[in-house]
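A.B. asks: First the structure, then my questions, so here it is.
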Amino acid sequence: MRSPEPSAATDQPSVSRNRLVLAVYTSAIFVSALLLFSVQPLFTKMVLPRLGGSPAVWSVAMVFFQSLLLAGYSYAHFLMQVRNRAIPVAVHLVLLVIALLTLPLSIASGFGEPPNSGYAFWLLALFAVSIGLPFFALAANNPLLQAWFVRTGHPAGPDPYFLYASSNIGSFLALLSYPVLLEPMFTLRTQNLIWTGGYGLLILLIAGCGALLLRSPARNVADMQTEQTEAPSPSWMLRGRWIFLAAVPSGLLIAVTAHISTDVAAAPLLWVLPLSLYLLTWVLVFQSRPLLPHKWMLLVQPAAIAGVVVLLAIGGEQNLLPTLGGHLLCFFVIAMACHGELARTRPASKYLTGFYVALSFGGMLGGLFAGLIAPYSFSWVAEYPILLALAALCRPPGGDERLPRWSRWYWAFLAVLAGTLIVLSYSTGKTSLWLEDHRIWVAGSVGVLAVVLALPLNASRWKIFATVVVALVLIRVYPADEGRVDTVRSFFGVHKIVVTPHGQYHVLMHGTTIHGAERFQNNDGTPVTGRPEPITYYHKDGGIGQAITAIRERKGAPLRVAVIGVGSGTLACASEPGEAWKFFEIDQTMVDTARDPKYFTYIQNCEPDLKPVIGDARLTFAKEPDGAYDLIIVDAYSSDAIPIHLATEQAMKIYKDKLAPQGAVVMHVSNRHLELASVIVGIADANDLRSWVYSEDSGRDDEYIFATSVVVSAREETDVGKLASSDQWTETEADEKQRVWTDDYSNVLGAVWRRLRDGEQ
């Protein structure tokens with residue numbers, strides 16, 4: 001039998017086949033990435049109510065996802081060591097089908113209530129049992145499909161890293177679409193069903209990829225096994241650098257996310273912004289012609305590090321958009337520089353899966369440090385500045401320094417500068433006071449010095465690193481908060497107790513928000529005696545104080561009150577003899593701080609026998625008997641971040657069920673970044689409750705008596721007493737155009753937009 005003679009016609013199927021291979025593989029990798037990164041905010045949002053909506057839930061979730069990504073990449077690496085092409089295809093398809101049988105997503109039974117401690121490890125177990133298998137199967141797809149693509153014999157096979165960019169484009173679009181499209185438009189149940197359908201589609205695409213691989217001519221596989229035989233194996237030093245370059249931006253991702261979400265909400269909106277930028281950097285650096293050249297990013301990176309130094313030095317209250325924009329822009333530049341170095345040093349395609357294992361291992365290490373190790377090792381958010389300094393070491397080894405005569409004296413100069421500024425912080429002279437007043441300029445100037453070293457002087461990365469460390473140390477030495485500062489850290493965040501100059505006030509802060517305060521000295525310097533006066537948001541003339549007085553007068557008898565959120569214990573002194581006040585708090589360290597008389601004395605003086613119920617209020621308060629309380633005060637906030645599950649239609653139904661006849665619910669909604677009054681009015685209306693809104697500025701900030709926004713909801717007008725006729729309170733109808741928040745639906749982006757549109761009331 002004669003073999004067919006080659007002709008132009010026989011080349012055509014090869015061209016069309018190559019197009020088909022490229023289309024199917026690109027689609028499969030794109031859809032896989034879309035599913036991989038859309039499930040992260042989706043499932044984490046399902047878990048949030050279990051632990052009070054704490055931003056730390058996302059940090060722990062990121063540790064889990066990064067760890068499972070390493071497991072998936074390792075699985076792909078070892079699977080591709082098998083010479084038989086059919087075995088990896090069959091094994092992976094079986095894994096995907098088994099994972100499909102566990103869908104749609106749900107929280108595994110046995111994880112209804114969290115334990116009293118060890119929240120992070122409980123969360124990791126919850127994620128592993130509930131979502132581990134489908135996520136593991138997804139995690140393996142990117143390196144596995146790229147390795148298959150190399151073996152199909154496609155002309156682009158020798159350099160398949162462009163498919164990594166395709167993967168990250170899918171991830172980037174998934175994350176951006178979640179807070180903008182999916183979260184505002186669909187309930188969690190609908191999102192879950194859409195995601196499950198996408199998983200089924202992905203299995204079909206991967207089956208197509210496997211079929212194309214198995215139908216590839218055997219000679220192509222043989223060629224791939226022998227090609228690039230001259231390419232040397234990456235050294236262990238290079239592999240270690242890959243791990244370091246992946247670990248720093250991965251840890252920074254968690255640190256930046258925790259930093260910005262502490263002051264708004266533990267919600268997908270603020271989770272996906274840093275993660276989207278993180279993925280965008282991968283897209284850009286692995287392009288054949290990068291839109292942002294790597295050398296540009298290396299030039300700008302020191303300026304980005306200095307920018308974060310300045311933002312951390314400013315501290316205090318900042319506008320939302322400049323704060324978000326500044327931290328995110330600087331993070332983007334730093335990640336671009338790190339990931340650009342990874343792209344520049346990537347190995348030949350025969351070492352592709354090992355390269356991805358190194359990247360995922362570094363990502364896991366960075367996540368472990370920022371998400372688990374640092375919170376248990378430091379009483380303050382030390383991981384952000386530590387990783388920021390380490391970013392300077394991600395720069396490539398420098399060439400010859402300019403002005404070598406002067407640069408050799410730099411270490412001595414830096415030591416003298418740091419020593420002098422630190423010593424002056426312990427003095428009490430005019431120079432020390434000037435440095436405290438100009439702390440931003442001091443730290444910022446040292447940060448700018450790092451930029452000068454990097455660009456005009458071409459200094460080594462170690463000198464830049466040391467300079468950044470000095471700048472960050474100065475931020476701690478000259479803090480933005482005036483007075484003495486103690487910090488207490490738990491799973492639910494970092495609390496600062498600030499003792500103002502001369503000890504007049506003790507102030508409880510979380511993030512940049514004052515959580516409560518107590519006056520310890522009068523203006524004349526004499527100590528305050530007797531029962532402490534509630535201040536900050538709880539002053540008798542403020543919204544919460546007026547509501548308590550009105551309900552007390554309406555009842556004409558001692559009140560039965562439930563308070564969700566202890567804070568500094570201020571509301572303990574709003575009680576009167578004979579009344580029964582019960583507090584609910586998720587964070588034991590918060591209770592310990594409020595009880596400690598060296599910090600606050602509200603509980604000691606007013607409710608010494610206080611025994612708060614510890615746990616998430618949605619779970620613990622639901623166990624209270626129906627009709628038990630005349631007044632329910634919901635004041636559970638971490639900084640300006642809101643536990644969304646306490647502000648839903650279902651949550652309000654629980655509050656209503658626990659109200660006695662003629663009882664009322666008081667919701668504290670003061671917030672710089674989110675407009676929440678309309679949300680509370682909406683969930684109250686959905687439960688057939690009427691609402692009155694209070695929003696007033698006392699003009700007494702210097703006395704730590706602040707502007708307050710409060711919503712009171714009750715069944716009838718008579719239930720709220722004199723508030724119904726007060727000029728300061730406005731009965732407000734629900735906005736029919738605004739969708740009611742439920743356990744299945746919330747729209748943080750809408751609340752942010754309303755605050756920006758209407759301004760802070």
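Residues in the structure tokens are numbered from 1 in each chain, the chains being A, B, ... in the order shown, and ligands are numbered from 1 in the order shown.
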Quick one: which segment 619-687 of chain A residues come within 12 Å of segment 575-587 of chain A, and what is the nearest atom pair for each with the distance in Å to one decimal, counting only C-alpha atoms, rows ordered by chain and ascending number, as CSV?

C.D. replies:
residue,atom,partner,partner_atom,distance
A:Leu619,CA,A:Ile586,CA,10.3
A:Thr620,CA,A:Phe584,CA,7.8
A:Phe621,CA,A:Phe584,CA,7.4
A:Ala622,CA,A:Phe584,CA,11.2
A:Lys623,CA,A:Phe584,CA,11.8
A:Glu624,CA,A:Lys582,CA,10.7
A:Ala628,CA,A:Ala580,CA,10.6
A:Tyr629,CA,A:Ala580,CA,9.2
A:Asp630,CA,A:Ala580,CA,10.2
A:Leu631,CA,A:Trp581,CA,9.5
A:Ile632,CA,A:Lys582,CA,9.7
A:Ile633,CA,A:Phe583,CA,9.5
A:Val634,CA,A:Phe584,CA,9.6
A:Asp635,CA,A:Glu585,CA,10.0
A:Ala636,CA,A:Glu585,CA,8.0
A:Tyr637,CA,A:Glu585,CA,10.6
A:Ser638,CA,A:Asp587,CA,10.4
A:Pro643,CA,A:Ile586,CA,11.3

A.B. asks: Using only C-alpha atoms, determine which residues lie at most 9 Å from segment 209-211 of chain A, disregarding the query and same-chain residues fewer than 2 positions distant; provide the list as a ChimeraX atom specification.

C.D. replies: /A:21,24-25,28,85-86,88-90,93,145,148-149,204-207,213-216

A.B. asks: Closest to Leu163 of chain A among A:Ala128, A:Val528, A:Ala33, A:Val97, using only C-alpha atoms?

C.D. replies: A:Ala33

A.B. asks: If you run DSSP on the backbone here, which positions in segment 517-632 of chain A get alpha helix (DSSP H)? Please write them as a PyMOL selection string.

C.D. replies: chain A and resi 543-555+588-595+602-606+617-620

A.B. asks: Considering only C-alpha atoms, return as a PDB file with all heavy atoms, in the first residue's frame whatever protein or nucleic-acid residues lie within 8 Å of Arg755 of chain A, sequence-local ones (same chain, fewer than 5 positions apart) excluded.

C.D. replies:
ATOM      1  N   ARG A 672     -18.717  56.134  58.439  1.00  0.00           N
ATOM      2  CA  ARG A 672     -18.135  57.136  57.543  1.00  0.00           C
ATOM      3  C   ARG A 672     -18.243  56.747  56.074  1.00  0.00           C
ATOM      4  O   ARG A 672     -18.228  57.600  55.199  1.00  0.00           O
ATOM      5  CB  ARG A 672     -16.665  57.352  57.888  1.00  0.00           C
ATOM      6  CG  ARG A 672     -16.414  58.040  59.210  1.00  0.00           C
ATOM      7  CD  ARG A 672     -14.946  58.045  59.537  1.00  0.00           C
ATOM      8  NE  ARG A 672     -14.445  56.687  59.761  1.00  0.00           N
ATOM      9  CZ  ARG A 672     -13.155  56.352  59.722  1.00  0.00           C
ATOM     10  NH1 ARG A 672     -12.258  57.264  59.443  1.00  0.00           N
ATOM     11  NH2 ARG A 672     -12.782  55.120  59.963  1.00  0.00           N
ATOM     12  N   HIS A 673     -18.317  55.450  55.795  1.00  0.00           N
ATOM     13  CA  HIS A 673     -18.183  54.998  54.419  1.00  0.00           C
ATOM     14  C   HIS A 673     -19.440  54.362  53.842  1.00  0.00           C
ATOM     15  O   HIS A 673     -19.546  54.216  52.627  1.00  0.00           O
ATOM     16  CB  HIS A 673     -17.041  53.980  54.321  1.00  0.00           C
ATOM     17  CG  HIS A 673     -15.750  54.468  54.900  1.00  0.00           C
ATOM     18  ND1 HIS A 673     -15.213  55.702  54.597  1.00  0.00           N
ATOM     19  CD2 HIS A 673     -14.887  53.890  55.775  1.00  0.00           C
ATOM     20  CE1 HIS A 673     -14.069  55.855  55.253  1.00  0.00           C
ATOM     21  NE2 HIS A 673     -13.855  54.783  55.973  1.00  0.00           N
ATOM     22  N   LEU A 674     -20.394  53.965  54.698  1.00  0.00           N
ATOM     23  CA  LEU A 674     -21.583  53.268  54.236  1.00  0.00           C
ATOM     24  C   LEU A 674     -22.833  53.970  54.750  1.00  0.00           C
ATOM     25  O   LEU A 674     -22.898  54.357  55.913  1.00  0.00           O
ATOM     26  CB  LEU A 674     -21.589  51.822  54.734  1.00  0.00           C
ATOM     27  CG  LEU A 674     -20.424  50.945  54.281  1.00  0.00           C
ATOM     28  CD1 LEU A 674     -20.245  49.791  55.244  1.00  0.00           C
ATOM     29  CD2 LEU A 674     -20.645  50.422  52.890  1.00  0.00           C
ATOM     30  N   GLU A 675     -23.836  54.107  53.885  1.00  0.00           N
ATOM     31  CA  GLU A 675     -25.131  54.644  54.297  1.00  0.00           C
ATOM     32  C   GLU A 675     -25.998  53.447  54.671  1.00  0.00           C
ATOM     33  O   GLU A 675     -26.391  52.661  53.807  1.00  0.00           O
ATOM     34  CB  GLU A 675     -25.763  55.443  53.150  1.00  0.00           C
ATOM     35  CG  GLU A 675     -27.035  56.187  53.543  1.00  0.00           C
ATOM     36  CD  GLU A 675     -28.247  55.272  53.657  1.00  0.00           C
ATOM     37  OE1 GLU A 675     -28.491  54.489  52.721  1.00  0.00           O
ATOM     38  OE2 GLU A 675     -28.933  55.330  54.709  1.00  0.00           O
ATOM     39  N   GLU A 760     -21.536  62.480  54.209  1.00  0.00           N
ATOM     40  CA  GLU A 760     -21.721  62.003  55.585  1.00  0.00           C
ATOM     41  C   GLU A 760     -22.656  62.942  56.313  1.00  0.00           C
ATOM     42  O   GLU A 760     -22.428  64.144  56.372  1.00  0.00           O
ATOM     43  CB  GLU A 760     -20.371  61.922  56.295  1.00  0.00           C
ATOM     44  CG  GLU A 760     -20.443  61.230  57.630  1.00  0.00           C
ATOM     45  CD  GLU A 760     -19.049  60.980  58.197  1.00  0.00           C
ATOM     46  OE1 GLU A 760     -18.059  61.200  57.488  1.00  0.00           O
ATOM     47  OE2 GLU A 760     -18.966  60.576  59.361  1.00  0.00           O
TER      48      GLU A 760
END

A.B. asks: By how many Å are atom CA of Ala392 of chain A and atom CA of Phe465 of chain A apart?

C.D. replies: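 Separating atom CA of Ala392 of chain A from atom CA of Phe465 of chain A is a distance of 5.2 Å.
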
A.B. asks: Got a sec: who's within 12 Å of Leu329 of chain A, counting only C-alpha atoms, leaving out chain neighbours fewer than 2 positions off, as a PyMOL selection string?

C.D. replies: chain A and resi 256+273-274+277-278+281+300-301+303-305+307-308+311+321-327+331-336

A.B. asks: Those residues with C-alpha atoms, as a PDB file, in the first residue's frame please?

C.D. replies:
ATOM      1  CA  VAL A 256      -3.506  45.128  52.465  1.00  0.00           C
ATOM      2  CA  LEU A 273     -10.172  44.789  44.760  1.00  0.00           C
ATOM      3  CA  PRO A 274      -6.673  43.816  45.991  1.00  0.00           C
ATOM      4  CA  LEU A 277      -5.043  43.761  41.063  1.00  0.00           C
ATOM      5  CA  TYR A 278      -2.884  40.869  42.250  1.00  0.00           C
ATOM      6  CA  THR A 281      -0.160  41.716  37.601  1.00  0.00           C
ATOM      7  CA  VAL A 300       8.639  52.984  40.378  1.00  0.00           C
ATOM      8  CA  GLN A 301       8.690  50.281  43.077  1.00  0.00           C
ATOM      9  CA  ALA A 303       8.322  55.203  45.246  1.00  0.00           C
ATOM     10  CA  ALA A 304       5.393  52.820  45.897  1.00  0.00           C
ATOM     11  CA  ILE A 305       7.072  51.536  49.069  1.00  0.00           C
ATOM     12  CA  GLY A 307       3.993  55.881  49.427  1.00  0.00           C
ATOM     13  CA  VAL A 308       2.787  53.167  51.801  1.00  0.00           C
ATOM     14  CA  LEU A 311       0.009  56.379  54.293  1.00  0.00           C
ATOM     15  CA  LEU A 321     -11.263  56.851  48.065  1.00  0.00           C
ATOM     16  CA  PRO A 322      -7.778  58.348  48.618  1.00  0.00           C
ATOM     17  CA  THR A 323      -7.033  55.659  51.216  1.00  0.00           C
ATOM     18  CA  LEU A 324      -8.209  52.821  48.995  1.00  0.00           C
ATOM     19  CA  GLY A 325      -6.581  54.296  45.917  1.00  0.00           C
ATOM     20  CA  GLY A 326      -3.247  54.939  47.609  1.00  0.00           C
ATOM     21  CA  HIS A 327      -2.828  51.520  49.197  1.00  0.00           C
ATOM     22  CA  PHE A 331       0.377  47.360  46.199  1.00  0.00           C
ATOM     23  CA  PHE A 332      -0.115  46.965  42.437  1.00  0.00           C
ATOM     24  CA  VAL A 333       3.291  48.453  41.652  1.00  0.00           C
ATOM     25  CA  ILE A 334       5.057  46.329  44.292  1.00  0.00           C
ATOM     26  CA  ALA A 335       3.358  43.145  43.057  1.00  0.00           C
ATOM     27  CA  MET A 336       4.199  44.027  39.446  1.00  0.00           C
TER      28      MET A 336
END

A.B. asks: Rounded to one decimal place, report the atom CA of Asp596 of chain A-atom CA of Gly569 of chain A distance in Å.

C.D. replies: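 One can read the atom CA of Asp596 of chain A to atom CA of Gly569 of chain A distance as 10.4 Å.
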
A.B. asks: If we count only C-alpha atoms, what is near His668 of chain A at a cut-off of 12 Å, once residues fewer than 3 positions away on the same chain are taken out, given as an MDAnalysis selection string?

C.D. replies: chainID A and resid 537:538 542:545 547 563:565 632:637 640 642 646:647 665 671 675:677 679:680 693:695 707:713

A.B. asks: Within 7 Å of segment 349-355 of chain A, counting only C-alpha atoms, which residues qualify if same-chain residues fewer than 2 places away don't, as JSON, numbers by chain?

C.D. replies: {"A": [77, 143, 158, 159, 347, 357, 358, 359]}

A.B. asks: For a test of reading the model, state the distance in Å between atom CA of Ser360 of chain A and atom CA of Ala246 of chain A, rounded to one decimal.

C.D. replies: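 These atoms are spaced 7.5 Å apart.
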
A.B. asks: So, with only C-alpha atoms as the atoms that count, which of A:Asp541, A:Asp743, A:Asp702, A:Glu383 lies closest to Arg618 of chain A?

C.D. replies: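 Once distances to Arg618 of chain A are computed over only C-alpha atoms, the minimum belongs to A:Asp743.
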
A.B. asks: Counting only C-alpha atoms, which residue out of A:Leu138, A:Ala617, A:Val248, A:Leu103 sits closest to Gly367 of chain A?

C.D. replies: A:Val248

A.B. asks: Which of these, A:Val446, A:Leu299, A:Leu455, A:Ile475, has the shortest distance to Ile314 of chain A once you count only C-alpha atoms?

C.D. replies: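 When distances to Ile314 of chain A are compared using only C-alpha atoms, the smallest one comes from A:Ile475.
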
A.B. asks: Can you work out which one of A:Thr589, A:Ser235, A:Thr102, A:Thr742 has the shortest atom-to-atom distance to Tyr199 of chain A, counting only C-alpha atoms?

C.D. replies: A:Thr102

A.B. asks: With DSSP run on the backbone, what are the strand (DSSP E) residues within segment 519-650 of chain A? I'd like them as a list in words.

C.D. replies: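 Assigned to strand (DSSP E), within segment 519-650 of chain A: Arg519, Arg560, Val561, Ala562, Val563, Ile564, Ala580, Trp581, Lys582, Phe583, Phe584, Glu585, Val613, Ile614, Tyr629, Asp630, Leu631, Ile632, Ile633 and Val634 of chain A.
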